[in-house]
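Structure data (mmCIF, N, CA and C atoms) from start_34.cif:
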```
data_final
#
loop_
_atom_site.label_atom_id
_atom_site.label_comp_id
_atom_site.auth_asym_id
_atom_site.auth_seq_id
_atom_site.Cartn_x
_atom_site.Cartn_y
_atom_site.Cartn_z
N MET A 1 0.84 -1.18 0.00
CA MET A 1 0.00 0.00 0.00
C MET A 1 0.89 1.24 0.00
N LYS A 2 0.61 2.16 -0.92
CA LYS A 2 1.36 3.39 -1.02
C LYS A 2 0.68 4.48 -0.20
N LEU A 3 1.45 5.15 0.62
CA LEU A 3 0.89 6.25 1.39
C LEU A 3 0.69 7.49 0.52
N LEU A 4 1.63 7.78 -0.31
CA LEU A 4 1.55 8.94 -1.19
C LEU A 4 1.43 8.45 -2.62
N ASN A 5 0.35 8.77 -3.23
CA ASN A 5 0.14 8.40 -4.62
C ASN A 5 0.07 9.69 -5.44
N PRO A 6 1.14 10.05 -6.15
CA PRO A 6 1.14 11.32 -6.87
C PRO A 6 0.14 11.37 -8.02
N GLU A 7 -0.32 10.25 -8.47
CA GLU A 7 -1.28 10.25 -9.58
C GLU A 7 -2.67 10.67 -9.13
N SER A 8 -2.97 10.53 -7.82
CA SER A 8 -4.31 10.87 -7.34
C SER A 8 -4.48 12.37 -7.07
N TYR A 9 -3.39 13.16 -7.05
CA TYR A 9 -3.48 14.59 -6.78
C TYR A 9 -3.79 15.35 -8.06
N ARG A 10 -4.48 16.46 -7.91
CA ARG A 10 -4.79 17.31 -9.05
C ARG A 10 -3.57 18.13 -9.40
N LYS A 11 -3.24 18.19 -10.63
CA LYS A 11 -2.06 18.92 -11.09
C LYS A 11 -2.44 20.38 -11.37
N ILE A 12 -1.56 21.29 -10.97
CA ILE A 12 -1.74 22.71 -11.25
C ILE A 12 -0.68 23.10 -12.26
N LYS A 13 -1.10 23.71 -13.37
CA LYS A 13 -0.16 24.05 -14.43
C LYS A 13 -0.41 25.46 -14.91
N GLY A 14 0.59 26.03 -15.55
CA GLY A 14 0.46 27.31 -16.24
C GLY A 14 0.35 28.50 -15.30
N PRO A 15 -0.53 29.47 -15.66
CA PRO A 15 -0.65 30.70 -14.87
C PRO A 15 -1.18 30.48 -13.45
N LYS A 16 -2.00 29.45 -13.27
CA LYS A 16 -2.51 29.16 -11.93
C LYS A 16 -1.38 28.76 -10.99
N LEU A 17 -0.42 27.99 -11.52
CA LEU A 17 0.72 27.59 -10.72
C LEU A 17 1.55 28.80 -10.30
N LYS A 18 1.78 29.72 -11.24
CA LYS A 18 2.55 30.92 -10.93
C LYS A 18 1.83 31.79 -9.90
N LEU A 19 0.51 31.94 -10.04
CA LEU A 19 -0.27 32.72 -9.08
C LEU A 19 -0.24 32.07 -7.70
N TYR A 20 -0.37 30.74 -7.66
CA TYR A 20 -0.34 30.02 -6.40
C TYR A 20 1.02 30.17 -5.72
N MET A 21 2.10 30.01 -6.47
CA MET A 21 3.44 30.15 -5.90
C MET A 21 3.70 31.59 -5.44
N PHE A 22 3.24 32.56 -6.21
CA PHE A 22 3.41 33.97 -5.83
C PHE A 22 2.67 34.27 -4.53
N SER A 23 1.43 33.77 -4.40
CA SER A 23 0.65 34.06 -3.18
C SER A 23 1.27 33.38 -1.96
N VAL A 24 1.77 32.15 -2.12
CA VAL A 24 2.41 31.46 -1.00
C VAL A 24 3.68 32.21 -0.57
N CYS A 25 4.49 32.62 -1.53
CA CYS A 25 5.72 33.37 -1.20
C CYS A 25 5.39 34.72 -0.56
N LEU A 26 4.37 35.39 -1.06
CA LEU A 26 3.97 36.68 -0.50
C LEU A 26 3.50 36.53 0.95
N LEU A 27 2.72 35.49 1.24
CA LEU A 27 2.27 35.26 2.61
C LEU A 27 3.44 34.93 3.54
N ILE A 28 4.39 34.15 3.06
CA ILE A 28 5.55 33.81 3.88
C ILE A 28 6.39 35.05 4.17
N ILE A 29 6.63 35.87 3.15
CA ILE A 29 7.43 37.08 3.34
C ILE A 29 6.73 38.06 4.26
N THR A 30 5.41 38.23 4.09
CA THR A 30 4.65 39.15 4.94
C THR A 30 4.66 38.68 6.39
N GLY A 31 4.45 37.38 6.62
CA GLY A 31 4.43 36.86 7.98
C GLY A 31 5.76 37.01 8.69
N THR A 32 6.84 36.69 7.99
CA THR A 32 8.15 36.81 8.64
C THR A 32 8.53 38.26 8.88
N SER A 33 8.15 39.16 7.96
CA SER A 33 8.47 40.57 8.20
C SER A 33 7.66 41.13 9.36
N LEU A 34 6.42 40.68 9.54
CA LEU A 34 5.64 41.14 10.70
C LEU A 34 6.24 40.63 12.00
N ILE A 35 6.62 39.36 12.01
CA ILE A 35 7.18 38.79 13.24
C ILE A 35 8.51 39.44 13.58
N PHE A 36 9.43 39.50 12.61
CA PHE A 36 10.74 40.06 12.89
C PHE A 36 10.69 41.57 13.01
N GLY A 37 9.71 42.22 12.36
CA GLY A 37 9.54 43.66 12.52
C GLY A 37 9.18 44.02 13.94
N ASN A 38 8.30 43.22 14.57
CA ASN A 38 7.93 43.46 15.96
C ASN A 38 9.10 43.20 16.89
N VAL A 39 9.90 42.19 16.59
CA VAL A 39 11.08 41.90 17.42
C VAL A 39 12.09 43.04 17.31
N ILE A 40 12.31 43.52 16.10
CA ILE A 40 13.27 44.62 15.90
C ILE A 40 12.75 45.90 16.56
N ASN A 41 11.45 46.17 16.42
CA ASN A 41 10.85 47.36 17.03
C ASN A 41 11.00 47.31 18.55
N GLY A 42 10.72 46.17 19.16
CA GLY A 42 10.87 46.04 20.60
C GLY A 42 12.31 46.20 21.05
N THR A 43 13.24 45.69 20.27
CA THR A 43 14.66 45.82 20.59
C THR A 43 15.10 47.28 20.54
N LEU A 44 14.67 48.00 19.50
CA LEU A 44 15.04 49.41 19.39
C LEU A 44 14.44 50.24 20.53
N LEU A 45 13.17 49.98 20.88
CA LEU A 45 12.56 50.71 21.99
C LEU A 45 13.28 50.40 23.30
N GLY A 46 13.63 49.13 23.51
CA GLY A 46 14.35 48.76 24.73
C GLY A 46 15.72 49.40 24.81
N LEU A 47 16.45 49.42 23.70
CA LEU A 47 17.77 50.07 23.68
C LEU A 47 17.66 51.56 23.96
N ASN A 48 16.64 52.19 23.37
CA ASN A 48 16.44 53.62 23.59
C ASN A 48 16.15 53.90 25.06
N TYR A 49 15.36 53.05 25.72
CA TYR A 49 15.00 53.27 27.12
C TYR A 49 16.16 52.95 28.06
N ILE A 50 16.87 51.86 27.79
CA ILE A 50 17.97 51.45 28.68
C ILE A 50 19.10 52.46 28.65
N GLY A 51 19.38 53.03 27.48
CA GLY A 51 20.49 53.96 27.36
C GLY A 51 20.11 55.41 27.53
N LYS A 52 19.03 55.69 28.27
CA LYS A 52 18.59 57.09 28.42
C LYS A 52 19.57 57.89 29.27
N GLN A 53 19.57 59.19 29.02
CA GLN A 53 20.44 60.09 29.77
C GLN A 53 19.79 60.43 31.10
N ASN A 54 20.61 60.81 32.08
CA ASN A 54 20.11 61.11 33.41
C ASN A 54 19.49 62.50 33.52
N GLU A 55 19.91 63.42 32.67
CA GLU A 55 19.40 64.79 32.78
C GLU A 55 17.97 64.85 32.21
N SER A 56 17.12 65.56 32.94
CA SER A 56 15.71 65.69 32.56
C SER A 56 15.45 67.05 31.95
N ASN A 57 14.57 67.08 30.97
CA ASN A 57 14.14 68.33 30.35
C ASN A 57 12.68 68.58 30.71
N ASN A 58 12.36 69.80 31.07
CA ASN A 58 10.99 70.18 31.36
C ASN A 58 10.45 71.00 30.19
N ILE A 59 9.40 70.51 29.57
CA ILE A 59 8.80 71.18 28.42
C ILE A 59 7.33 71.43 28.73
N GLU A 60 6.88 72.67 28.54
CA GLU A 60 5.49 73.02 28.78
C GLU A 60 4.79 73.34 27.47
N TYR A 61 3.55 72.89 27.36
CA TYR A 61 2.73 73.17 26.18
C TYR A 61 1.37 73.69 26.63
N LYS A 62 0.77 74.54 25.81
CA LYS A 62 -0.57 75.05 26.08
C LYS A 62 -1.59 74.01 25.64
N ILE A 63 -2.54 73.71 26.52
CA ILE A 63 -3.56 72.70 26.25
C ILE A 63 -4.69 73.34 25.45
N GLU A 64 -5.07 72.68 24.34
CA GLU A 64 -6.23 73.13 23.57
C GLU A 64 -7.51 72.59 24.19
N LYS A 65 -7.54 71.28 24.46
CA LYS A 65 -8.71 70.68 25.12
C LYS A 65 -8.33 69.33 25.70
N ILE A 66 -9.15 68.87 26.65
CA ILE A 66 -8.98 67.55 27.25
C ILE A 66 -10.31 66.83 27.10
N THR A 67 -10.28 65.64 26.52
CA THR A 67 -11.51 64.86 26.31
C THR A 67 -11.38 63.50 26.99
N GLN A 68 -12.51 62.83 27.11
CA GLN A 68 -12.54 61.49 27.67
C GLN A 68 -12.31 60.50 26.52
N HIS A 69 -11.39 59.55 26.72
CA HIS A 69 -11.06 58.57 25.68
C HIS A 69 -11.19 57.18 26.26
N LYS A 70 -11.99 56.33 25.61
CA LYS A 70 -12.16 54.95 26.07
C LYS A 70 -11.21 54.06 25.30
N THR A 71 -10.40 53.31 26.03
CA THR A 71 -9.50 52.36 25.39
C THR A 71 -10.24 51.06 25.16
N GLY A 72 -9.78 50.29 24.20
CA GLY A 72 -10.45 49.04 23.87
C GLY A 72 -10.22 47.97 24.92
N GLY A 73 -11.00 46.91 24.82
CA GLY A 73 -10.86 45.81 25.74
C GLY A 73 -12.20 45.28 26.18
N ARG A 74 -12.17 44.31 27.06
CA ARG A 74 -13.41 43.75 27.59
C ARG A 74 -14.09 44.78 28.49
N LYS A 75 -15.32 44.51 28.86
CA LYS A 75 -16.09 45.47 29.65
C LYS A 75 -15.41 45.81 30.97
N ARG A 76 -14.91 44.82 31.65
CA ARG A 76 -14.33 45.07 32.97
C ARG A 76 -12.92 45.65 32.89
N VAL A 77 -12.25 45.47 31.75
CA VAL A 77 -10.88 45.93 31.62
C VAL A 77 -10.81 47.29 30.94
N ARG A 78 -11.86 47.69 30.25
CA ARG A 78 -11.87 48.94 29.52
C ARG A 78 -11.63 50.11 30.45
N ARG A 79 -10.78 51.03 30.02
CA ARG A 79 -10.42 52.17 30.87
C ARG A 79 -10.82 53.46 30.18
N ASN A 80 -11.16 54.43 30.97
CA ASN A 80 -11.43 55.77 30.48
C ASN A 80 -10.24 56.65 30.86
N ASN A 81 -9.49 57.09 29.86
CA ASN A 81 -8.32 57.93 30.09
C ASN A 81 -8.57 59.31 29.52
N PRO A 82 -8.02 60.35 30.14
CA PRO A 82 -8.10 61.67 29.52
C PRO A 82 -7.17 61.76 28.32
N LYS A 83 -7.65 62.37 27.24
CA LYS A 83 -6.83 62.60 26.05
C LYS A 83 -6.58 64.09 25.95
N VAL A 84 -5.31 64.47 25.90
CA VAL A 84 -4.92 65.88 25.88
C VAL A 84 -4.54 66.26 24.45
N TYR A 85 -5.07 67.38 23.98
CA TYR A 85 -4.71 67.95 22.69
C TYR A 85 -3.87 69.19 22.96
N PHE A 86 -2.66 69.23 22.40
CA PHE A 86 -1.80 70.41 22.57
C PHE A 86 -1.06 70.66 21.27
N GLU A 87 -0.50 71.86 21.17
CA GLU A 87 0.18 72.26 19.94
C GLU A 87 1.69 72.23 20.14
N LYS A 88 2.38 71.55 19.22
CA LYS A 88 3.85 71.45 19.27
C LYS A 88 4.37 71.74 17.86
N ASN A 89 5.15 72.79 17.74
CA ASN A 89 5.72 73.20 16.45
C ASN A 89 4.65 73.43 15.39
N GLY A 90 3.53 74.04 15.77
CA GLY A 90 2.46 74.34 14.83
C GLY A 90 1.60 73.15 14.45
N GLU A 91 1.78 72.01 15.10
CA GLU A 91 1.03 70.81 14.79
C GLU A 91 0.29 70.34 16.04
N THR A 92 -0.99 69.99 15.89
CA THR A 92 -1.78 69.52 17.03
C THR A 92 -1.44 68.06 17.30
N ILE A 93 -1.10 67.76 18.56
CA ILE A 93 -0.70 66.41 18.96
C ILE A 93 -1.68 65.93 20.04
N LYS A 94 -2.04 64.64 19.97
CA LYS A 94 -2.93 64.02 20.95
C LYS A 94 -2.12 63.04 21.79
N ARG A 95 -2.31 63.08 23.11
CA ARG A 95 -1.65 62.15 24.01
C ARG A 95 -2.67 61.61 25.00
N ASN A 96 -2.67 60.30 25.19
CA ASN A 96 -3.48 59.69 26.24
C ASN A 96 -2.69 59.71 27.54
N LEU A 97 -3.32 60.19 28.58
CA LEU A 97 -2.66 60.23 29.89
C LEU A 97 -2.92 58.92 30.62
N SER A 98 -2.07 58.60 31.56
CA SER A 98 -2.17 57.31 32.24
C SER A 98 -3.18 57.31 33.39
N GLU A 99 -3.61 58.47 33.83
CA GLU A 99 -4.55 58.51 34.95
C GLU A 99 -5.96 58.17 34.48
N HIS A 100 -6.82 57.80 35.41
CA HIS A 100 -8.21 57.47 35.11
C HIS A 100 -9.02 58.76 34.98
N TYR A 101 -9.88 58.83 33.98
CA TYR A 101 -10.70 60.02 33.77
C TYR A 101 -11.76 60.10 34.88
N SER A 102 -11.79 61.21 35.57
CA SER A 102 -12.73 61.40 36.67
C SER A 102 -13.78 62.42 36.25
N LEU A 103 -15.05 62.06 36.42
CA LEU A 103 -16.13 62.98 36.10
C LEU A 103 -16.23 64.11 37.12
N LYS A 104 -15.69 63.89 38.33
CA LYS A 104 -15.74 64.91 39.38
C LYS A 104 -14.66 65.98 39.20
N LYS A 105 -13.64 65.67 38.42
CA LYS A 105 -12.53 66.58 38.22
C LYS A 105 -12.84 67.52 37.05
N ASN A 106 -12.57 68.79 37.23
CA ASN A 106 -12.83 69.78 36.18
C ASN A 106 -11.57 69.95 35.33
N TYR A 107 -11.56 69.30 34.17
CA TYR A 107 -10.37 69.33 33.32
C TYR A 107 -10.26 70.64 32.53
N SER A 108 -11.33 71.40 32.46
CA SER A 108 -11.27 72.65 31.68
C SER A 108 -10.45 73.74 32.39
N GLU A 109 -10.17 73.57 33.67
CA GLU A 109 -9.39 74.57 34.38
C GLU A 109 -7.88 74.43 34.14
N TYR A 110 -7.43 73.32 33.57
CA TYR A 110 -6.01 73.13 33.28
C TYR A 110 -5.66 73.82 31.97
N LYS A 111 -4.64 74.66 32.00
CA LYS A 111 -4.25 75.46 30.83
C LYS A 111 -2.97 74.98 30.18
N THR A 112 -2.05 74.41 30.95
CA THR A 112 -0.78 73.94 30.39
C THR A 112 -0.48 72.54 30.91
N ILE A 113 0.33 71.83 30.14
CA ILE A 113 0.81 70.51 30.56
C ILE A 113 2.34 70.55 30.51
N LYS A 114 2.95 70.02 31.56
CA LYS A 114 4.41 70.01 31.67
C LYS A 114 4.88 68.57 31.57
N PHE A 115 5.70 68.29 30.55
CA PHE A 115 6.28 66.96 30.37
C PHE A 115 7.70 66.97 30.90
N ILE A 116 8.04 65.97 31.68
CA ILE A 116 9.41 65.76 32.13
C ILE A 116 9.96 64.63 31.26
N THR A 117 10.92 64.95 30.41
CA THR A 117 11.42 63.98 29.43
C THR A 117 12.92 63.75 29.60
N ASN A 118 13.35 62.60 29.13
CA ASN A 118 14.77 62.25 29.05
C ASN A 118 15.07 61.96 27.58
N LYS A 119 16.32 62.14 27.21
CA LYS A 119 16.76 61.81 25.86
C LYS A 119 17.24 60.37 25.85
N GLY A 120 16.74 59.57 24.91
CA GLY A 120 17.12 58.17 24.83
C GLY A 120 18.44 57.97 24.11
N LEU A 121 18.92 56.74 24.09
CA LEU A 121 20.17 56.39 23.45
C LEU A 121 20.12 56.66 21.94
N LEU A 122 18.99 56.41 21.32
CA LEU A 122 18.84 56.59 19.88
C LEU A 122 18.34 57.98 19.52
N GLY A 123 18.15 58.86 20.51
CA GLY A 123 17.76 60.24 20.24
C GLY A 123 16.27 60.52 20.38
N PHE A 124 15.47 59.52 20.69
CA PHE A 124 14.04 59.74 20.86
C PHE A 124 13.75 60.20 22.29
N GLU A 125 12.68 61.00 22.44
CA GLU A 125 12.31 61.47 23.77
C GLU A 125 11.55 60.38 24.53
N ILE A 126 11.84 60.28 25.81
CA ILE A 126 11.12 59.36 26.69
C ILE A 126 10.39 60.20 27.72
N ILE A 127 9.07 60.09 27.77
CA ILE A 127 8.27 60.86 28.74
C ILE A 127 8.36 60.15 30.08
N LYS A 128 9.00 60.82 31.03
CA LYS A 128 9.18 60.25 32.36
C LYS A 128 7.95 60.50 33.22
N ASN A 129 7.42 61.72 33.15
CA ASN A 129 6.26 62.08 33.95
C ASN A 129 5.61 63.29 33.30
N TYR A 130 4.39 63.59 33.73
CA TYR A 130 3.70 64.77 33.25
C TYR A 130 2.98 65.43 34.42
N GLU A 131 2.65 66.71 34.24
CA GLU A 131 1.96 67.46 35.29
C GLU A 131 1.01 68.42 34.62
N LEU A 132 -0.25 68.37 35.02
CA LEU A 132 -1.25 69.33 34.52
C LEU A 132 -1.22 70.56 35.40
N LYS A 133 -1.14 71.74 34.78
CA LYS A 133 -1.06 72.99 35.54
C LYS A 133 -2.24 73.88 35.19
N LYS A 134 -2.69 74.65 36.20
CA LYS A 134 -3.80 75.57 36.02
C LYS A 134 -3.36 76.88 35.46
#
```
Could you write out this structure as structure tokens?
Amino acid sequence: MKLLNPESYRKIKGPKLKLYMFSVCLLIITGTSLIFGNVINGTLLGLNYIGKQNESNNIEYKIEKITQHKTGGRKRVRRNNPKVYFEKNGETIKRNLSEHYSLKKNYSEYKTIKFITNKGLLGFEIIKNYELKK
């Protein structure tokens, strides 16, 4: 008894074979680039954080508005974080803050946000802490 009988399989020939081979190669290349891209990205972020400088920079920006932002997840895990809109170099930037959004807190009274940053090994800024100011 033969386990593999090549005569019983359907043969693919011509342009269908080329399309099939192209799609298989494309899926393999895409999958490996996603996997290794995430590994490389994590390595670069880790190197940037580990090699940060000790001196801190204090940068203040004027707040345009603060809104409530719901992060994704299951019902019990979903978090409501404040999202701050501020202007940096003529461009509006949005940042999610790590604190929980409180309905009792009046966010409209905050006028500036102060970021305490460090310079990383690769030159990217690392936000160490932030402070909302009235």
Mind telling me what the PyMOL selection byres ((chain A and resi 61-66) around 8) catches here, as a PyMOL selection string? chain A and resi 58-60+67-69+82-88+107-108+110-115
Do you know which residues the PyMOL selection byres ((chain A and resi 119-123) around 6.5) returns on this file, as an MDAnalysis selection string? chainID A and resid 47:53 55:57 117:118 124:126
CA of Leu27 in chain A to CA of Pro15 in chain A, straight-line distance in Å: 18.3 Å
If you measure from atom N of Leu97 in chain A to CA of Ile116 in chain A, what distance in Å do you get, rounded to one decimal?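 Computing it gives 14.3 Å between the two atoms.
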Give me every strand (DSSP E or B) residue in range 24-101 of chain A, going by DSSP on the backbone, as number ranges by chain. A: 56-70, 80-88, 91-96
Please determine an axis-aligned box that encloses all atoms of range 103-118 of chain A listed in the file, with 4 Å added on each side, and express its centre and edge lengths in Å to one decimal as JSON.
```
{"center_x": -0.6, "center_y": 68.7, "center_z": 33.5, "size_x": 39.3, "size_y": 21.5, "size_z": 19.8}
```
